[in-house]
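Have a look at upload.pdb; it's PDB, C-alpha atoms, pLDDT in the B column:
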```pdb
ATOM      1  CA  MET P   1       0.000   0.000   0.000  1.00 70.00           C
ATOM      2  CA  LYS P   2       2.670   2.518  -0.938  1.00 78.00           C
ATOM      3  CA  GLY P   3       1.684   5.775  -2.605  1.00 89.00           C
ATOM      4  CA  ILE P   4      -1.341   6.445  -0.378  1.00 95.00           C
ATOM      5  CA  ARG P   5      -2.378  10.104  -0.454  1.00 96.00           C
ATOM      6  CA  VAL P   6      -5.644  10.004   1.498  1.00 98.00           C
ATOM      7  CA  LEU P   7      -6.240   7.839   4.555  1.00 98.00           C
ATOM      8  CA  VAL P   8      -9.769   7.724   5.966  1.00 98.00           C
ATOM      9  CA  LEU P   9     -10.273   6.565   9.541  1.00 98.00           C
ATOM     10  CA  ASP P  10     -13.504   5.185  10.935  1.00 96.00           C
ATOM     11  CA  PHE P  11     -14.379   6.846  14.260  1.00 95.00           C
ATOM     12  CA  ASP P  12     -16.042   4.414  16.696  1.00 94.00           C
ATOM     13  CA  GLY P  13     -13.676   1.575  17.534  1.00 94.00           C
ATOM     14  CA  THR P  14     -10.858   2.874  15.315  1.00 96.00           C
ATOM     15  CA  VAL P  15     -10.120   6.389  16.567  1.00 96.00           C
ATOM     16  CA  ALA P  16     -12.257   6.433  19.728  1.00 95.00           C
ATOM     17  CA  ASP P  17     -12.496   3.623  22.263  1.00 94.00           C
ATOM     18  CA  THR P  18     -16.299   3.528  22.285  1.00 92.00           C
ATOM     19  CA  MET P  19     -17.420   0.155  21.013  1.00 91.00           C
ATOM     20  CA  THR P  20     -17.577  -1.800  24.270  1.00 91.00           C
ATOM     21  CA  TYR P  21     -19.998   0.749  25.687  1.00 93.00           C
ATOM     22  CA  LEU P  22     -22.026   1.160  22.497  1.00 93.00           C
ATOM     23  CA  THR P  23     -22.385  -2.598  22.047  1.00 94.00           C
ATOM     24  CA  GLU P  24     -23.796  -2.976  25.546  1.00 95.00           C
ATOM     25  CA  LEU P  25     -26.038   0.072  25.077  1.00 96.00           C
ATOM     26  CA  ALA P  26     -27.501  -1.301  21.854  1.00 96.00           C
ATOM     27  CA  ALA P  27     -27.832  -4.812  23.265  1.00 97.00           C
ATOM     28  CA  GLY P  28     -29.691  -3.485  26.294  1.00 97.00           C
ATOM     29  CA  LEU P  29     -32.189  -1.687  24.090  1.00 97.00           C
ATOM     30  CA  LEU P  30     -32.708  -4.757  21.909  1.00 97.00           C
ATOM     31  CA  VAL P  31     -33.308  -6.913  24.987  1.00 97.00           C
ATOM     32  CA  ALA P  32     -35.650  -4.448  26.706  1.00 97.00           C
ATOM     33  CA  ARG P  33     -37.661  -3.305  23.697  1.00 97.00           C
ATOM     34  CA  TYR P  34     -37.646  -6.369  21.408  1.00 97.00           C
ATOM     35  CA  GLY P  35     -37.187  -9.273  23.808  1.00 96.00           C
ATOM     36  CA  MET P  36     -33.941 -10.499  22.261  1.00 96.00           C
ATOM     37  CA  ASP P  37     -31.516 -12.739  24.114  1.00 96.00           C
ATOM     38  CA  ARG P  38     -28.550 -10.683  25.389  1.00 96.00           C
ATOM     39  CA  GLU P  39     -25.872 -12.535  23.440  1.00 95.00           C
ATOM     40  CA  GLU P  40     -28.036 -12.594  20.318  1.00 96.00           C
ATOM     41  CA  ALA P  41     -28.530  -8.839  20.705  1.00 96.00           C
ATOM     42  CA  ARG P  42     -24.787  -8.199  20.985  1.00 95.00           C
ATOM     43  CA  ARG P  43     -24.106 -10.245  17.879  1.00 93.00           C
ATOM     44  CA  ALA P  44     -26.884  -8.511  15.936  1.00 95.00           C
ATOM     45  CA  TYR P  45     -25.385  -5.117  16.733  1.00 94.00           C
ATOM     46  CA  VAL P  46     -21.827  -6.179  15.903  1.00 91.00           C
ATOM     47  CA  ASP P  47     -22.872  -7.799  12.622  1.00 90.00           C
ATOM     48  CA  THR P  48     -24.520  -4.577  11.414  1.00 90.00           C
ATOM     49  CA  THR P  49     -22.191  -1.986  12.935  1.00 86.00           C
ATOM     50  CA  GLY P  50     -20.415   0.352  10.567  1.00 81.00           C
ATOM     51  CA  LEU P  51     -23.815   1.671   9.470  1.00 84.00           C
ATOM     52  CA  PRO P  52     -25.774   4.513  11.138  1.00 86.00           C
ATOM     53  CA  PHE P  53     -27.833   3.018  13.979  1.00 91.00           C
ATOM     54  CA  VAL P  54     -31.074   3.981  12.242  1.00 91.00           C
ATOM     55  CA  GLN P  55     -30.065   1.746   9.323  1.00 90.00           C
ATOM     56  CA  GLN P  56     -28.976  -1.034  11.663  1.00 94.00           C
ATOM     57  CA  MET P  57     -32.431  -1.102  13.209  1.00 97.00           C
ATOM     58  CA  GLU P  58     -34.106  -1.249   9.811  1.00 96.00           C
ATOM     59  CA  ILE P  59     -31.946  -4.259   8.944  1.00 95.00           C
ATOM     60  CA  LEU P  60     -32.791  -6.006  12.223  1.00 96.00           C
ATOM     61  CA  TYR P  61     -36.483  -5.026  12.406  1.00 97.00           C
ATOM     62  CA  PRO P  62     -37.634  -3.624   9.046  1.00 97.00           C
ATOM     63  CA  GLY P  63     -40.507  -1.156   9.363  1.00 96.00           C
ATOM     64  CA  ASP P  64     -41.013  -1.801  13.084  1.00 97.00           C
ATOM     65  CA  ASP P  65     -42.888   1.008  14.852  1.00 96.00           C
ATOM     66  CA  ARG P  66     -40.519   0.742  17.824  1.00 97.00           C
ATOM     67  CA  ASN P  67     -37.459   1.618  15.785  1.00 97.00           C
ATOM     68  CA  ALA P  68     -37.733   5.426  15.862  1.00 97.00           C
ATOM     69  CA  GLU P  69     -37.845   5.538  19.664  1.00 97.00           C
ATOM     70  CA  THR P  70     -35.072   2.959  19.943  1.00 97.00           C
ATOM     71  CA  VAL P  71     -32.845   5.093  17.717  1.00 96.00           C
ATOM     72  CA  ARG P  72     -33.715   8.216  19.720  1.00 96.00           C
ATOM     73  CA  LEU P  73     -32.777   6.521  23.000  1.00 97.00           C
ATOM     74  CA  PHE P  74     -29.528   5.183  21.563  1.00 95.00           C
ATOM     75  CA  GLU P  75     -28.410   8.471  20.023  1.00 91.00           C
ATOM     76  CA  SER P  76     -29.369  10.468  23.112  1.00 94.00           C
ATOM     77  CA  ASP P  77     -27.406   8.199  25.437  1.00 94.00           C
ATOM     78  CA  LYS P  78     -24.402   8.184  23.089  1.00 90.00           C
ATOM     79  CA  ARG P  79     -24.314  11.982  22.947  1.00 88.00           C
ATOM     80  CA  GLU P  80     -24.580  12.291  26.724  1.00 91.00           C
ATOM     81  CA  SER P  81     -21.867   9.649  27.232  1.00 90.00           C
ATOM     82  CA  MET P  82     -19.331  10.992  24.732  1.00 88.00           C
ATOM     83  CA  GLY P  83     -17.391  12.796  27.434  1.00 87.00           C
ATOM     84  CA  ARG P  84     -16.403   9.537  29.111  1.00 89.00           C
ATOM     85  CA  PHE P  85     -14.721   8.101  26.013  1.00 92.00           C
ATOM     86  CA  ASP P  86     -11.142   8.674  24.923  1.00 93.00           C
ATOM     87  CA  LEU P  87      -8.884   8.158  21.938  1.00 96.00           C
ATOM     88  CA  PHE P  88      -6.891   4.968  21.617  1.00 95.00           C
ATOM     89  CA  PRO P  89      -3.407   5.715  23.019  1.00 94.00           C
ATOM     90  CA  ASP P  90      -1.542   5.761  19.698  1.00 95.00           C
ATOM     91  CA  VAL P  91      -4.021   7.855  17.706  1.00 96.00           C
ATOM     92  CA  ARG P  92      -2.515  11.324  18.174  1.00 95.00           C
ATOM     93  CA  SER P  93       1.052  10.266  17.396  1.00 94.00           C
ATOM     94  CA  THR P  94       0.003   8.152  14.411  1.00 95.00           C
ATOM     95  CA  VAL P  95      -2.178  10.863  12.884  1.00 96.00           C
ATOM     96  CA  ALA P  96       0.566  13.457  13.372  1.00 94.00           C
ATOM     97  CA  ALA P  97       3.119  11.177  11.712  1.00 94.00           C
ATOM     98  CA  LEU P  98       0.830  10.393   8.777  1.00 95.00           C
ATOM     99  CA  ARG P  99       0.193  14.068   8.175  1.00 95.00           C
ATOM    100  CA  GLY P 100       3.875  14.803   8.595  1.00 93.00           C
ATOM    101  CA  ALA P 101       4.513  12.293   5.815  1.00 93.00           C
ATOM    102  CA  GLY P 102       2.175  14.266   3.533  1.00 94.00           C
ATOM    103  CA  ILE P 103      -0.880  11.987   3.810  1.00 96.00           C
ATOM    104  CA  LYS P 104      -4.262  13.670   4.211  1.00 98.00           C
ATOM    105  CA  VAL P 105      -6.009  12.103   7.205  1.00 98.00           C
ATOM    106  CA  CYS P 106      -9.803  12.119   7.324  1.00 98.00           C
ATOM    107  CA  VAL P 107     -12.340  10.832   9.838  1.00 97.00           C
ATOM    108  CA  SER P 108     -15.548   9.252   8.524  1.00 96.00           C
ATOM    109  CA  SER P 109     -18.401   8.402  10.855  1.00 92.00           C
ATOM    110  CA  GLY P 110     -22.049   7.440  11.031  1.00 87.00           C
ATOM    111  CA  ASN P 111     -22.326   9.964  13.875  1.00 86.00           C
ATOM    112  CA  PHE P 112     -23.264  13.570  13.289  1.00 87.00           C
ATOM    113  CA  ALA P 113     -20.251  15.721  12.381  1.00 91.00           C
ATOM    114  CA  ASP P 114     -20.705  18.183  15.255  1.00 91.00           C
ATOM    115  CA  LEU P 115     -20.436  15.353  17.776  1.00 90.00           C
ATOM    116  CA  ILE P 116     -17.133  14.180  16.283  1.00 93.00           C
ATOM    117  CA  LEU P 117     -15.703  17.700  16.005  1.00 93.00           C
ATOM    118  CA  ASP P 118     -16.549  18.467  19.650  1.00 93.00           C
ATOM    119  CA  PHE P 119     -14.995  15.192  20.793  1.00 93.00           C
ATOM    120  CA  MET P 120     -11.794  15.754  18.842  1.00 93.00           C
ATOM    121  CA  ALA P 121     -11.456  19.394  19.893  1.00 93.00           C
ATOM    122  CA  THR P 122     -11.493  18.459  23.582  1.00 92.00           C
ATOM    123  CA  ARG P 123      -8.842  15.772  22.991  1.00 93.00           C
ATOM    124  CA  ASP P 124      -6.440  17.841  20.911  1.00 92.00           C
ATOM    125  CA  LEU P 125      -6.700  15.735  17.763  1.00 95.00           C
ATOM    126  CA  GLU P 126      -6.274  17.493  14.421  1.00 95.00           C
ATOM    127  CA  VAL P 127      -7.059  15.924  11.061  1.00 97.00           C
ATOM    128  CA  ASP P 128      -7.589  17.302   7.572  1.00 97.00           C
ATOM    129  CA  LEU P 129     -11.287  16.512   7.193  1.00 97.00           C
ATOM    130  CA  VAL P 130     -14.189  15.276   9.344  1.00 97.00           C
ATOM    131  CA  MET P 131     -17.212  13.727   7.641  1.00 96.00           C
ATOM    132  CA  GLY P 132     -20.343  12.826   9.583  1.00 93.00           C
ATOM    133  CA  PHE P 133     -23.788  11.527   8.770  1.00 88.00           C
ATOM    134  CA  ARG P 134     -26.559  13.517   7.196  1.00 87.00           C
ATOM    135  CA  PRO P 135     -29.255  12.316   4.799  1.00 86.00           C
ATOM    136  CA  GLY P 136     -27.691  11.785   1.391  1.00 89.00           C
ATOM    137  CA  PHE P 137     -24.149  11.956   2.765  1.00 93.00           C
ATOM    138  CA  GLU P 138     -23.211   8.743   4.544  1.00 90.00           C
ATOM    139  CA  LYS P 139     -20.083   6.883   5.553  1.00 92.00           C
ATOM    140  CA  GLY P 140     -19.074   4.892   2.517  1.00 93.00           C
ATOM    141  CA  ARG P 141     -18.997   5.961  -1.119  1.00 95.00           C
ATOM    142  CA  ASP P 142     -20.345   9.471  -0.361  1.00 96.00           C
ATOM    143  CA  HIS P 143     -17.568  10.214   2.114  1.00 97.00           C
ATOM    144  CA  PHE P 144     -14.815   8.536   0.139  1.00 97.00           C
ATOM    145  CA  GLU P 145     -15.636  10.324  -3.118  1.00 97.00           C
ATOM    146  CA  TYR P 146     -15.896  13.661  -1.315  1.00 97.00           C
ATOM    147  CA  ALA P 147     -12.455  13.199   0.274  1.00 98.00           C
ATOM    148  CA  MET P 148     -10.881  12.080  -3.004  1.00 98.00           C
ATOM    149  CA  GLN P 149     -12.309  15.054  -4.872  1.00 97.00           C
ATOM    150  CA  LYS P 150     -11.261  17.501  -2.159  1.00 97.00           C
ATOM    151  CA  PHE P 151      -7.671  16.292  -2.066  1.00 97.00           C
ATOM    152  CA  GLY P 152      -7.222  15.324  -5.715  1.00 96.00           C
ATOM    153  CA  ALA P 153      -6.772  11.606  -5.040  1.00 97.00           C
ATOM    154  CA  ASP P 154      -8.030   8.508  -6.813  1.00 96.00           C
ATOM    155  CA  PRO P 155      -9.157   5.090  -5.514  1.00 97.00           C
ATOM    156  CA  ASP P 156      -5.681   3.613  -5.896  1.00 95.00           C
ATOM    157  CA  SER P 157      -4.220   6.254  -3.574  1.00 97.00           C
ATOM    158  CA  THR P 158      -7.027   6.162  -0.988  1.00 97.00           C
ATOM    159  CA  VAL P 159      -7.479   3.709   1.874  1.00 97.00           C
ATOM    160  CA  PHE P 160     -10.072   3.273   4.625  1.00 98.00           C
ATOM    161  CA  VAL P 161      -9.233   1.923   8.072  1.00 98.00           C
ATOM    162  CA  GLY P 162     -12.154   0.456  10.005  1.00 96.00           C
ATOM    163  CA  ASP P 163     -13.059  -2.056  12.686  1.00 95.00           C
ATOM    164  CA  SER P 164     -16.101  -3.765  11.176  1.00 93.00           C
ATOM    165  CA  ILE P 165     -17.034  -6.052   8.315  1.00 94.00           C
ATOM    166  CA  LYS P 166     -19.427  -3.389   7.015  1.00 92.00           C
ATOM    167  CA  ASP P 167     -16.499  -0.947   6.847  1.00 95.00           C
ATOM    168  CA  GLY P 168     -14.635  -3.354   4.596  1.00 95.00           C
ATOM    169  CA  GLU P 169     -17.673  -3.899   2.403  1.00 95.00           C
ATOM    170  CA  ARG P 170     -18.161  -0.168   1.921  1.00 94.00           C
ATOM    171  CA  ALA P 171     -14.528   0.334   0.983  1.00 96.00           C
ATOM    172  CA  GLY P 172     -14.871  -2.481  -1.557  1.00 96.00           C
ATOM    173  CA  GLU P 173     -18.032  -0.976  -3.025  1.00 95.00           C
ATOM    174  CA  ALA P 174     -16.160   2.299  -3.563  1.00 96.00           C
ATOM    175  CA  GLY P 175     -13.112   0.579  -5.055  1.00 96.00           C
ATOM    176  CA  ILE P 176     -10.646   1.869  -2.461  1.00 97.00           C
ATOM    177  CA  GLY P 177      -8.223  -0.023  -0.231  1.00 96.00           C
ATOM    178  CA  PHE P 178      -9.189  -1.301   3.201  1.00 97.00           C
ATOM    179  CA  ILE P 179      -7.244  -2.060   6.373  1.00 97.00           C
ATOM    180  CA  GLY P 180      -9.047  -3.877   9.167  1.00 97.00           C
ATOM    181  CA  LYS P 181      -8.491  -2.946  12.816  1.00 97.00           C
ATOM    182  CA  THR P 182      -9.167  -5.679  15.339  1.00 96.00           C
ATOM    183  CA  GLY P 183     -11.241  -5.221  18.467  1.00 92.00           C
ATOM    184  CA  LEU P 184     -14.844  -5.625  17.490  1.00 88.00           C
ATOM    185  CA  VAL P 185     -13.827  -8.172  14.839  1.00 92.00           C
ATOM    186  CA  THR P 186     -10.948 -10.626  15.136  1.00 94.00           C
ATOM    187  CA  ARG P 187      -8.101 -10.976  12.655  1.00 95.00           C
ATOM    188  CA  GLU P 188      -9.490 -14.384  11.668  1.00 95.00           C
ATOM    189  CA  GLU P 189     -12.956 -12.945  11.004  1.00 94.00           C
ATOM    190  CA  PHE P 190     -11.526 -10.200   8.832  1.00 95.00           C
ATOM    191  CA  LYS P 191      -9.413 -12.682   6.875  1.00 95.00           C
ATOM    192  CA  ALA P 192     -12.364 -15.024   6.414  1.00 95.00           C
ATOM    193  CA  ARG P 193     -14.342 -12.223   4.756  1.00 94.00           C
ATOM    194  CA  PHE P 194     -11.512 -10.328   3.004  1.00 94.00           C
ATOM    195  CA  ARG P 195      -8.665 -12.710   2.328  1.00 86.00           C
ATOM    196  CA  LYS P 196      -5.967 -10.292   1.176  1.00 88.00           C
ATOM    197  CA  ILE P 197      -6.464  -7.205   3.336  1.00 94.00           C
ATOM    198  CA  PRO P 198      -3.909  -6.040   5.906  1.00 96.00           C
ATOM    199  CA  VAL P 199      -5.139  -6.239   9.511  1.00 96.00           C
ATOM    200  CA  VAL P 200      -3.752  -4.228  12.438  1.00 96.00           C
ATOM    201  CA  SER P 201      -4.393  -4.289  16.148  1.00 96.00           C
ATOM    202  CA  ALA P 202      -3.194  -0.676  16.632  1.00 96.00           C
ATOM    203  CA  LEU P 203      -2.990   2.307  14.293  1.00 96.00           C
ATOM    204  CA  GLU P 204       0.747   2.694  14.820  1.00 94.00           C
ATOM    205  CA  GLU P 205       1.176  -0.466  12.719  1.00 95.00           C
ATOM    206  CA  LEU P 206       0.134   1.570   9.672  1.00 94.00           C
ATOM    207  CA  GLN P 207       3.739   2.725   9.382  1.00 89.00           C
ATOM    208  CA  HIS P 208       4.875  -0.654   8.096  1.00 89.00           C
ATOM    209  CA  ILE P 209       1.826  -1.325   5.941  1.00 91.00           C
ATOM    210  CA  LEU P 210       2.121   2.027   4.165  1.00 91.00           C
ATOM    211  CA  GLY P 211       5.893   1.731   3.775  1.00 85.00           C
ATOM    212  CA  LEU P 212       6.594   4.887   5.761  1.00 83.00           C
ATOM    213  CA  GLU P 213       9.319   6.000   8.091  1.00 73.00           C
ATOM    214  CA  TRP P 214       7.868   8.201  10.822  1.00 65.00           C
ATOM    215  CA  PRO P 215       9.667  11.552  11.036  1.00 57.00           C
ATOM    216  CA  SER P 216      11.019  12.360  14.492  1.00 53.00           C
ATOM    217  CA  ARG P 217       9.276  15.716  14.290  1.00 47.00           C
ATOM    218  CA  PRO P 218       6.180  15.576  12.059  1.00 45.00           C
ATOM    219  CA  ALA P 219       6.132  18.574   9.750  1.00 45.00           C
ATOM    220  CA  ARG P 220       3.494  21.138  10.546  1.00 44.00           C
ATOM    221  CA  GLN P 221       0.699  21.052   7.996  1.00 46.00           C
ATOM    222  CA  GLU P 222      -0.590  24.368   6.690  1.00 43.00           C
ATOM    223  CA  ASP P 223      -4.040  22.876   6.267  1.00 44.00           C
ATOM    224  CA  ALA P 224      -4.364  21.893   9.926  1.00 41.00           C
ATOM    225  CA  THR P 225      -7.900  22.943  10.777  1.00 43.00           C
ATOM    226  CA  ASN P 226     -10.692  20.464  11.335  1.00 42.00           C
ATOM    227  CA  GLN P 227     -13.236  20.714   8.569  1.00 47.00           C
ATOM    228  CA  ALA P 228     -16.743  19.347   8.726  1.00 50.00           C
ATOM    229  CA  GLU P 229     -18.391  18.135   5.552  1.00 47.00           C
ATOM    230  CA  GLY P 230     -20.106  20.667   3.338  1.00 44.00           C
ATOM    231  CA  GLN P 231     -19.703  22.208  -0.072  1.00 41.00           C
ATOM    232  CA  LEU P 232     -16.407  21.709  -1.880  1.00 41.00           C
ATOM    233  CA  PRO P 233     -14.411  24.946  -1.958  1.00 35.00           C
ATOM    234  CA  SER P 234     -14.952  27.015  -5.079  1.00 34.00           C
ATOM    235  CA  GLU P 235     -11.276  26.937  -5.938  1.00 32.00           C
TER
END
```
This structure in structure tokens:
Amino acid sequence: MKGIRVLVLDFDGTVADTMTYLTELAAGLLVARYGMDREEARRAYVDTTGLPFVQQMEILYPGDDRNAETVRLFESDKRESMGRFDLFPDVRSTVAALRGAGIKVCVSSGNFADLILDFMATRDLEVDLVMGFRPGFEKGRDHFEYAMQKFGADPDSTVFVGDSIKDGERAGEAGIGFIGKTGLVTREEFKARFRKIPVVSALEELQHILGLEWPSRPARQEDATNQAEGQLPSE
């Protein structure tokens, strides 16, 4: 994977250590509101994660009248709980090194962009672009194509790093590279679904996969401000 110009990071479970809590939150709602077995509920959430929760619920219970309230409860709890989460320990140093090597680092999430921007601002994490969910602009092809157009990259020079099977599927649908991060999914599960992808257990391992040597002092990037999704600049 040499020659990468744009690297897109999933948020939950890749940048932020949130997935243990969110899995239990979702499982609790599925048990309480739909009568699912606890372990079945955990597996149902994990198998569909990587999508916005509203879409996960429509996969699990299509057209169910309980879904809207379930999504409201989930999103409300997640927003209120965001302050208790933190970055994985190697995220800041890895992102700084990637940017110092000239790679544009983006964050793509099924969360709303303002939630991600607030979280990152309070944890001193700077990237080149933040993309969140809004109708018609979702994690996957929408986000990847926006990032490629913004930074003048193509699919061969763009890679997505995510912690779920759905993340890998969305990268494949868009024709870009994918690197799996273990945690929610094991190395064996990733390899069973995507035979040839690289798999890491920590983001710092990206150095070897991308064929980079981390600079001792990452160069300061001129374009260092967090940017939420929106219109492409006129220039």
Point (-5.7, -6.9, 9.5), cut-off 6 Å, counting only C-alpha atoms, residues as a list in words: Ile179, Gly180, Lys181, Arg187, Pro198, Val199 and Val200 of chain P
Residues in the PyMOL selection byres ((chain P and resi 4-18) around 7), expressed as a VMD selection string: chain P and resid 1 to 3 19 to 22 85 to 88 91 103 to 109 153 157 to 163 181
Selection result for the PyMOL selection byres ((chain P and resi 44-58) around 10) on this file, as a PyMOL selection string: chain P and resi 10-13+19+22-27+30+36+38-43+59-64+66-68+70-72+74-75+109-112+133-134+138-140+162-170+184-185
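Here atom CA of P:Glu69 stands at a distance of 27.2 Å from atom CA of P:His143.
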All file atoms of stretch 81-89 of chain P boxed axis-aligned, 4 Å per side, centre plus edges, as AutoDock Vina command-line options:
```
--center_x -12.6 --center_y 8.9 --center_z 25.4 --size_x 26.5 --size_y 15.8 --size_z 15.5
```
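When the PyMOL selection byres ((chain P and resi 114) around 10) is evaluated on the file shown here, the picked residues come out as P:Asn111, P:Phe112, P:Ala113, P:Leu115, P:Ile116, P:Leu117, P:Asp118, P:Phe119, P:Met120, P:Val130, P:Met131, P:Gly132, P:Phe133, P:Ala228, P:Glu229.
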Distance criterion (all atoms listed in the file): nearest to P:Ala121 out of P:Gly83, P:Arg99, P:Glu173, P:His208: P:Gly83
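Atom to atom, atom CA of P:Leu125 and atom CA of P:Leu203 stand 14.4 Å apart.
The residue that comes closest to P:Glu126, out of P:Thr186, P:Ala96, P:Ser201, P:Arg195 and on the basis of all atoms listed in the file, is P:Ala96.
Between atom CA of P:Ala174 and atom CA of P:Arg141 the separation is 5.2 Å.
Shortest separation to P:Asp65 among P:Arg33, P:Arg79, P:Lys191, P:Arg84 occurs at residue P:Arg33, atoms counted being only C-alpha atoms.
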